[in-house]
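Colleague: What follows is query_5.tsv, TSV, C-alpha atoms.
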```tsv
chain	number	residue	atom	x	y	z
K	1	MET	CA	136.67	-142.88	102.54
K	2	SER	CA	133.20	-143.73	101.19
K	3	ASN	CA	132.37	-143.41	97.51
K	4	THR	CA	130.07	-140.45	98.19
K	5	GLN	CA	132.81	-138.65	100.05
K	6	ASP	CA	135.43	-139.57	97.45
K	7	GLU	CA	133.29	-138.10	94.70
K	8	ALA	CA	132.56	-134.99	96.73
K	9	VAL	CA	136.30	-134.46	97.35
K	10	THR	CA	137.13	-134.93	93.66
K	11	ARG	CA	134.44	-132.40	92.69
K	12	LEU	CA	135.70	-129.95	95.28
K	13	ASP	CA	139.33	-130.24	94.12
K	14	SER	CA	138.20	-129.67	90.56
K	15	ALA	CA	136.04	-126.65	91.50
K	16	VAL	CA	138.89	-125.06	93.48
K	17	ALA	CA	141.41	-125.59	90.66
K	18	GLU	CA	138.98	-124.15	88.10
K	19	VAL	CA	138.29	-120.99	90.13
K	20	PHE	CA	141.98	-120.33	90.78
K	21	GLU	CA	143.10	-120.99	87.21
K	22	THR	CA	140.32	-118.94	85.64
K	23	MET	CA	139.85	-116.01	88.00
K	24	LEU	CA	143.23	-115.70	89.73
K	25	GLU	CA	145.50	-117.17	87.07
K	26	ARG	CA	147.19	-119.28	89.75
K	27	SER	CA	147.41	-123.01	90.19
K	28	CYS	CA	146.05	-124.27	93.47
K	29	ASP	CA	146.63	-127.79	94.74
K	30	PRO	CA	145.18	-129.86	97.55
K	31	LEU	CA	147.50	-130.67	100.44
K	32	GLU	CA	147.45	-134.35	101.28
K	33	GLY	CA	147.54	-135.66	104.84
K	34	GLU	CA	147.00	-133.76	108.05
K	35	VAL	CA	147.89	-130.10	107.88
K	36	ASP	CA	147.53	-128.39	111.24
K	37	THR	CA	149.04	-125.08	110.35
K	38	VAL	CA	146.10	-123.37	108.68
K	39	GLU	CA	145.34	-120.23	110.58
K	40	GLY	CA	141.76	-119.35	109.82
K	41	ARG	CA	140.29	-116.20	111.22
K	42	ILE	CA	138.35	-115.11	108.15
K	43	VAL	CA	135.53	-117.53	107.43
K	44	ALA	CA	133.09	-117.37	104.52
K	45	ARG	CA	129.99	-119.57	104.57
K	46	ILE	CA	127.59	-120.54	101.79
K	47	GLN	CA	124.50	-122.63	102.46
K	48	PHE	CA	122.86	-125.12	100.09
K	49	THR	CA	119.10	-125.61	100.26
K	50	GLY	CA	116.94	-127.99	98.24
K	51	ALA	CA	117.86	-131.41	96.90
K	52	VAL	CA	121.12	-131.00	98.84
K	53	ASP	CA	121.05	-129.33	102.25
K	54	GLY	CA	124.45	-128.36	103.49
K	55	GLU	CA	127.13	-125.75	103.64
K	56	CYS	CA	130.55	-124.83	102.33
K	57	LEU	CA	132.99	-122.90	104.50
K	58	LEU	CA	136.23	-121.37	103.32
K	59	TYR	CA	138.68	-120.15	105.96
K	60	ALA	CA	141.97	-118.35	105.70
K	61	SER	CA	144.39	-116.19	107.63
K	62	GLN	CA	144.39	-112.43	107.11
K	63	ALA	CA	147.65	-112.76	105.14
K	64	THR	CA	146.32	-115.44	102.80
K	65	ALA	CA	143.06	-113.55	102.35
K	66	SER	CA	144.99	-110.40	101.40
K	67	VAL	CA	147.07	-112.27	98.81
K	68	THR	CA	143.89	-113.85	97.44
K	69	ALA	CA	142.17	-110.47	97.11
K	70	GLU	CA	145.23	-109.03	95.35
K	71	ALA	CA	145.30	-111.92	92.90
K	72	LEU	CA	141.58	-111.58	92.18
K	73	LEU	CA	141.62	-107.81	91.77
K	74	GLY	CA	145.06	-107.39	90.28
K	75	THR	CA	145.75	-104.52	92.72
K	76	PRO	CA	147.35	-104.41	96.18
K	77	SER	CA	144.93	-104.49	99.10
K	78	GLU	CA	145.15	-102.16	102.08
K	79	PRO	CA	145.24	-103.38	105.72
K	80	HIS	CA	141.63	-103.88	106.96
K	81	ASP	CA	140.40	-103.42	103.41
K	82	PRO	CA	136.74	-104.62	103.27
K	83	MET	CA	137.55	-105.89	99.77
K	84	VAL	CA	139.56	-108.69	101.44
K	85	ASP	CA	136.48	-110.11	103.20
K	86	ASP	CA	134.46	-109.60	100.03
K	87	ALA	CA	137.08	-111.49	97.98
K	88	ILE	CA	137.01	-114.45	100.39
K	89	GLY	CA	133.21	-114.49	100.27
K	90	GLU	CA	133.20	-114.44	96.49
K	91	LEU	CA	135.86	-117.16	96.32
K	92	CYS	CA	133.70	-119.35	98.58
K	93	ASN	CA	130.67	-118.52	96.41
K	94	MET	CA	132.41	-119.59	93.20
K	95	ILE	CA	133.84	-122.76	94.75
K	96	ALA	CA	130.48	-123.76	96.27
K	97	GLY	CA	128.72	-122.94	92.98
K	98	GLY	CA	131.31	-124.92	91.02
K	99	TRP	CA	130.93	-127.90	93.35
K	100	LYS	CA	127.15	-127.73	93.05
K	101	SER	CA	127.25	-127.48	89.25
K	102	LYS	CA	129.26	-130.71	89.14
K	103	LEU	CA	126.55	-132.66	90.98
K	104	ALA	CA	124.41	-134.95	88.88
K	105	SER	CA	120.70	-134.21	88.59
K	106	PRO	CA	118.53	-134.21	90.74
K	107	ASP	CA	121.10	-133.31	93.45
K	108	SER	CA	122.14	-130.20	91.52
K	109	ASN	CA	118.61	-128.87	91.99
K	110	CYS	CA	119.44	-126.76	95.02
K	111	THR	CA	119.95	-123.07	95.61
K	112	ILE	CA	122.97	-121.48	97.21
K	113	SER	CA	122.87	-118.55	99.60
K	114	THR	CA	124.83	-115.35	99.30
K	115	PRO	CA	128.12	-115.58	101.26
K	116	ALA	CA	128.31	-114.58	104.92
K	117	VAL	CA	131.81	-113.58	106.05
K	118	THR	CA	132.96	-113.36	109.68
K	119	ARG	CA	136.28	-112.90	111.43
K	120	ASN	CA	135.42	-115.23	114.30
K	121	GLY	CA	137.41	-118.22	113.10
K	122	LEU	CA	136.17	-121.80	113.15
K	123	GLU	CA	136.35	-122.42	116.92
K	124	GLY	CA	133.23	-124.16	118.08
K	125	TYR	CA	132.06	-124.91	114.55
K	126	GLN	CA	129.99	-128.07	114.34
K	127	ALA	CA	128.43	-129.28	111.12
K	128	ARG	CA	124.72	-130.08	111.38
K	129	PHE	CA	124.85	-132.47	108.44
K	130	GLY	CA	125.61	-136.18	107.99
K	131	THR	CA	128.64	-136.02	105.72
K	132	LYS	CA	131.45	-133.63	106.50
K	133	PHE	CA	135.01	-133.33	105.30
K	134	SER	CA	137.66	-130.68	105.28
K	135	ARG	CA	140.40	-130.11	102.78
K	136	LYS	CA	143.43	-127.82	102.70
K	137	TYR	CA	144.76	-126.14	99.58
K	138	SER	CA	147.88	-124.22	98.73
K	139	PHE	CA	148.65	-121.63	96.07
K	140	GLN	CA	152.13	-120.16	95.95
K	141	GLY	CA	152.70	-121.25	99.55
K	142	ASN	CA	149.50	-119.67	100.83
K	143	VAL	CA	147.30	-122.20	102.58
K	144	PHE	CA	143.55	-122.08	103.14
K	145	GLY	CA	140.91	-124.61	104.11
K	146	VAL	CA	137.49	-125.64	102.85
K	147	VAL	CA	134.88	-127.52	104.86
K	148	LEU	CA	132.00	-129.15	103.04
K	149	ALA	CA	129.06	-130.62	104.93
K	150	PHE	CA	125.83	-132.01	103.52
U	1	MET	CA	129.84	-96.60	75.94
U	2	ARG	CA	128.07	-96.81	79.29
U	3	ALA	CA	127.48	-100.06	81.14
U	4	LEU	CA	125.64	-101.01	84.32
U	5	ILE	CA	127.12	-103.78	86.49
U	6	ILE	CA	124.89	-105.31	89.17
U	7	ASP	CA	126.51	-107.56	91.78
U	8	ASP	CA	126.40	-107.62	95.57
U	9	SER	CA	130.17	-108.15	95.63
U	10	ALA	CA	132.25	-105.01	95.05
U	11	VAL	CA	135.17	-107.29	94.15
U	12	MET	CA	133.14	-108.96	91.40
U	13	ARG	CA	131.98	-105.59	90.04
U	14	LYS	CA	135.65	-104.62	89.69
U	15	VAL	CA	136.57	-107.97	88.14
U	16	ILE	CA	133.70	-107.72	85.63
U	17	GLU	CA	134.65	-104.14	84.71
U	18	ARG	CA	138.25	-105.23	84.15
U	19	ALA	CA	137.08	-108.15	81.98
U	20	LEU	CA	134.97	-105.78	79.85
U	21	ARG	CA	137.95	-103.48	79.33
U	22	GLN	CA	140.17	-106.50	78.53
U	23	ALA	CA	137.53	-107.55	76.01
U	24	GLY	CA	138.25	-104.29	74.20
U	25	LEU	CA	135.15	-102.32	75.19
U	26	GLU	CA	135.73	-98.60	75.50
U	27	LEU	CA	133.77	-97.78	78.60
U	28	SER	CA	133.18	-94.09	79.18
U	29	GLU	CA	131.17	-94.75	82.34
U	30	VAL	CA	130.43	-97.79	84.47
U	31	LEU	CA	127.35	-97.52	86.68
U	32	GLN	CA	127.21	-99.93	89.60
U	33	ALA	CA	124.47	-101.39	91.78
U	34	SER	CA	124.70	-103.94	94.58
U	35	ASN	CA	121.23	-105.46	94.06
U	36	GLY	CA	118.25	-105.36	91.73
U	37	GLU	CA	116.44	-102.62	93.62
U	38	GLU	CA	119.42	-100.27	93.40
U	39	ALA	CA	119.76	-101.14	89.73
U	40	LEU	CA	116.12	-100.27	89.01
U	41	GLN	CA	116.60	-96.91	90.73
U	42	THR	CA	119.77	-96.33	88.70
U	43	LEU	CA	117.82	-97.02	85.49
U	44	ARG	CA	114.98	-94.70	86.56
U	45	ASP	CA	117.50	-91.94	87.44
U	46	ASN	CA	119.29	-92.32	84.13
U	47	GLN	CA	116.29	-92.32	81.82
U	48	GLY	CA	116.94	-89.93	79.00
U	49	SER	CA	120.46	-89.11	80.16
U	50	GLY	CA	122.30	-90.72	77.27
U	51	GLY	CA	122.45	-94.25	76.11
U	52	LEU	CA	123.20	-97.21	78.26
U	53	SER	CA	124.69	-99.91	76.04
U	54	LEU	CA	124.91	-102.94	78.27
U	55	ILE	CA	123.73	-104.41	81.58
U	56	LEU	CA	125.54	-107.24	83.34
U	57	SER	CA	123.83	-108.72	86.37
U	58	ASP	CA	124.45	-111.35	89.01
U	59	ILE	CA	121.46	-113.59	89.81
U	60	ASN	CA	121.97	-114.46	93.47
U	61	MET	CA	121.78	-111.18	95.43
U	62	PRO	CA	120.12	-109.96	98.63
U	63	VAL	CA	117.18	-107.48	98.65
U	64	MET	CA	116.23	-108.09	95.00
U	65	ASP	CA	117.86	-110.85	92.99
U	66	GLY	CA	118.76	-110.72	89.31
U	67	LEU	CA	115.66	-112.55	88.09
U	68	GLN	CA	113.34	-110.25	90.04
U	69	PHE	CA	115.28	-107.31	88.63
U	70	LEU	CA	114.73	-108.54	85.07
U	71	GLU	CA	111.01	-109.00	85.66
U	72	ALA	CA	110.61	-105.56	87.32
U	73	ARG	CA	112.64	-103.90	84.56
U	74	LYS	CA	110.34	-105.44	81.96
U	75	GLN	CA	107.21	-104.30	83.84
U	76	GLU	CA	108.52	-100.73	84.13
U	77	ASN	CA	109.85	-100.80	80.58
U	78	LEU	CA	113.24	-99.49	81.69
U	79	ALA	CA	116.32	-99.53	79.43
U	80	HIS	CA	114.26	-101.03	76.64
U	81	GLY	CA	116.43	-102.70	74.01
U	82	VAL	CA	119.57	-102.66	76.14
U	83	PRO	CA	121.11	-106.16	76.18
U	84	VAL	CA	121.31	-107.86	79.58
U	85	VAL	CA	123.82	-110.60	80.31
U	86	MET	CA	123.54	-112.56	83.55
U	87	ILE	CA	126.79	-113.45	85.30
U	88	THR	CA	126.21	-116.19	87.80
U	89	THR	CA	127.39	-119.26	89.64
U	90	GLU	CA	123.90	-120.69	88.93
U	91	GLY	CA	124.28	-122.62	85.69
U	92	ASN	CA	121.02	-124.40	86.60
U	93	GLU	CA	118.80	-124.72	83.52
U	94	SER	CA	115.63	-123.46	85.22
U	95	PHE	CA	117.40	-120.25	86.27
U	96	VAL	CA	118.72	-119.69	82.78
U	97	LEU	CA	115.34	-120.32	81.13
U	98	ARG	CA	113.63	-117.96	83.58
U	99	ALA	CA	116.28	-115.30	82.93
U	100	ILE	CA	115.84	-115.58	79.16
U	101	ALA	CA	112.02	-115.46	79.48
U	102	ALA	CA	112.42	-112.28	81.53
U	103	GLY	CA	114.54	-110.61	78.87
U	104	ALA	CA	118.17	-111.64	79.37
U	105	GLN	CA	120.09	-112.13	76.13
U	106	GLY	CA	122.80	-114.36	77.53
U	107	TYR	CA	124.61	-115.62	80.57
U	108	ILE	CA	128.17	-116.19	81.71
U	109	CYS	CA	129.04	-118.71	84.42
U	110	LYS	CA	131.47	-117.79	87.17
U	111	PRO	CA	134.38	-118.44	87.08
U	112	PHE	CA	134.90	-116.78	83.70
U	113	THR	CA	137.74	-115.51	81.54
U	114	ALA	CA	137.88	-112.17	79.73
U	115	GLU	CA	137.70	-114.18	76.48
U	116	GLN	CA	134.39	-115.71	77.54
U	117	VAL	CA	133.03	-112.26	78.40
U	118	LYS	CA	134.14	-111.00	75.02
U	119	ALA	CA	132.53	-113.92	73.18
U	120	ARG	CA	129.18	-113.47	74.95
U	121	VAL	CA	129.01	-109.67	75.00
U	122	LEU	CA	130.40	-108.38	71.71
U	123	PRO	CA	127.80	-110.05	69.41
U	124	LEU	CA	125.01	-108.47	71.47
U	125	LEU	CA	126.50	-105.00	71.09
U	126	ARG	CA	126.76	-105.40	67.33
U	127	VAL	CA	123.05	-106.12	66.96
U	128	ALA	CA	121.79	-103.76	69.69
```
Could you render the structure from this file as structure tokens?

Modeller:
Amino acid sequence: MSNTQDEAVTRLDSAVAEVFETMLERSCDPLEGEVDTVEGRIVARIQFTGAVDGECLLYASQATASVTAEALLGTPSEPHDPMVDDAIGELCNMIAGGWKSKLASPDSNCTISTPAVTRNGLEGYQARFGTKFSRKYSFQGNVFGVVLAF
Amino acid sequence: MRALIIDDSAVMRKVIERALRQAGLELSEVLQASNGEEALQTLRDNQGSGGLSLILSDINMPVMDGLQFLEARKQENLAHGVPVVMITTEGNESFVLRAIAAGAQGYICKPFTAEQVKARVLPLLRVA
């Protein structure tokens, strides 16, 4: 892995851990090695524009998204609750913002979009940027993935 | 006390309200808006209908963002003297300086704890 990618991964791990510990009061750890079992129908996307052009995608199964929303809100979520999509979007927003805030100047001089959430999964997704990596995380046995491209 | 929470995420509005209650604020009413334009209308509709004590606003929102809201609020002289705290993922210095120039009294970076909300908000309510 190149230095740039190494640093980006470290920043991402740190941003994810910070969001989970602070907002969900859960620890969340990266999964090392290949993990092929992440079902990801709900996808949230944030775009970076400016000194860094890129995007951050967070994807999760309906079940993981529901658990995430419950942890964030502190209340049970209903099936097809729009709050679940909203929670995944906001999680992606905070992780992307946290990653961005850890960039050194002048790279941190970029804006981030509001989150767009779809239920189309990641099939056919192709990053338009030079550097791309994906990472899987687990909290209490619930697994989700993050793709960062810039 | 009455507070206005402005955020395009309904989840975040709930999380912020919970953090305010955990901070010990006795909220009699929480008004909500999903962008700056809705928030301005809420302030216009509530003029003279009892005191609003606090406004918490996201920066990055569709339709009208938090900085535009602050500037429009100042121009229309709405909720004069009510402290505004920005809650944002944008810790970028230029955003913060622009928010303060437009009338914000403080900011809280997401992710945040209830303790951080308490530390930033309570001093403003004491002097307001």

Colleague: List the neighbours of Leu4 (chain U) out to 9 Å using all atoms listed in the file; skip same-chain residues closer than 2 positions along the sequence, and give me the result as a VMD selection string.

Modeller: chain U and resid 2 6 29 to 33 39 42 to 43 52 to 57

Colleague: Considering only C-alpha atoms, return as a list of chain:residue names whatever protein or nucleic-acid residues lie within 9 Å of Asp53 (chain K), sequence-local ones (same chain, fewer than 2 positions apart) excluded.

Modeller: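 What passes the distance filter is K:Gln47, K:Phe48, K:Thr49, K:Gly50, K:Ala51, K:Glu55, K:Cys110, K:Phe129, K:Ala149, K:Phe150.
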
Colleague: Residues of chain K within 7 Å of chain U: nearest atom pair and distance (Å, one decimal) for each, counting all atoms listed in the file, sorted by chain and number, as a Markdown table?

Modeller:
```
| residue | atom | partner | partner_atom | distance |
| --- | --- | --- | --- | --- |
| K:Val19 | CA | U:Pro111 | CA | 5.6 |
| K:Thr22 | CA | U:Thr113 | CA | 5.9 |
| K:Met23 | CA | U:Pro111 | CA | 6.1 |
| K:Leu73 | CA | U:Val15 | CA | 6.2 |
| K:Met83 | CA | U:Val11 | CA | 6.3 |
| K:Asp86 | CA | U:Ser9 | CA | 6.3 |
| K:Ala87 | CA | U:Val11 | CA | 6.0 |
| K:Met94 | CA | U:Thr89 | CA | 6.2 |
| K:Gly97 | CA | U:Thr89 | CA | 5.1 |
| K:Ser101 | CA | U:Gly91 | CA | 6.7 |
| K:Thr114 | CA | U:Met61 | CA | 6.5 |
```

Colleague: Go ahead and compute the interatomic distance for CA of Ala79 (chain U) and CA of Glu115 (chain U), in Å to one decimal.

Modeller: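 Going from CA of Ala79 (chain U) over to CA of Glu115 (chain U), I get 26.1 Å.
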
Colleague: For a quick check of understanding, using all atoms listed in the file, which of U:Arg13, U:Arg98, U:Arg21, U:His80 has the smallest distance to Lys118 (chain U)?

Modeller: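 Closest to Lys118 (chain U), using all atoms listed in the file: U:Arg21.
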
Colleague: What's the separation between CA of Asp107 (chain K) and CA of Arg11 (chain K), in Å to one decimal place?

Modeller: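 For CA of Asp107 (chain K) relative to CA of Arg11 (chain K), the distance reads 13.4 Å.
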
Colleague: I need the residue nearest Leu72 (chain K) from this list: K:Ile46, K:Gly89, K:Ala60, K:Asn109. Use all atoms listed in the file for the distance.

Modeller: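 The closest residue to Leu72 (chain K) is K:Gly89.
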
Colleague: Work out where the centre of an axis-aligned box around every listed atom of region 7-23 of chain U lies and how long its edges are once 3 Å is added on each side; give both in Å to one decimal as JSON.

Modeller:
```
{"center_x": 133.3, "center_y": -106.2, "center_z": 85.8, "size_x": 19.8, "size_y": 11.5, "size_z": 25.6}
```

Colleague: Need the shell around Leu57 (chain K): protein/DNA/RNA residues with any atom at most 9 Å away, counting all atoms listed in the file. Skip same-chain ones fewer than 4 positions apart. Format as a list in words?

Modeller: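 Residues meeting the cut-off are Val43, Ala44, Arg45, Ile46, Gln47, Cys92, Ala96, Gly145, Val146, Val147, Leu148 and Ala149 of chain K.
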
Colleague: K:Ala8, K:Leu103, K:Leu31, K:Ala71: which is nearest Lys132 (chain K), counting only C-alpha atoms?

Modeller: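 Of K:Ala8, K:Leu103, K:Leu31, K:Ala71, the one nearest Lys132 (chain K), counting only C-alpha atoms, is K:Ala8.
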
Colleague: By how many Å are CA of Arg128 (chain K) and CA of Val52 (chain K) apart?

Modeller: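 Between CA of Arg128 (chain K) and CA of Val52 (chain K) the gap works out to 13.1 Å.
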
Colleague: Using only C-alpha atoms, which residues sit within 12 Å of Ala72 (chain U) once same-chain residues fewer than 6 positions away are excluded, as a ChimeraX atom specification?

Modeller: /U:36-41,43-44,64-66,78-79,102-103

Colleague: Neighbours of Leu122 (chain K) within 9 Å (all atoms listed in the file; same-chain residues fewer than 2 positions away dropped), as a ChimeraX atom specification?

Modeller: /K:40-43,59,120,124-126
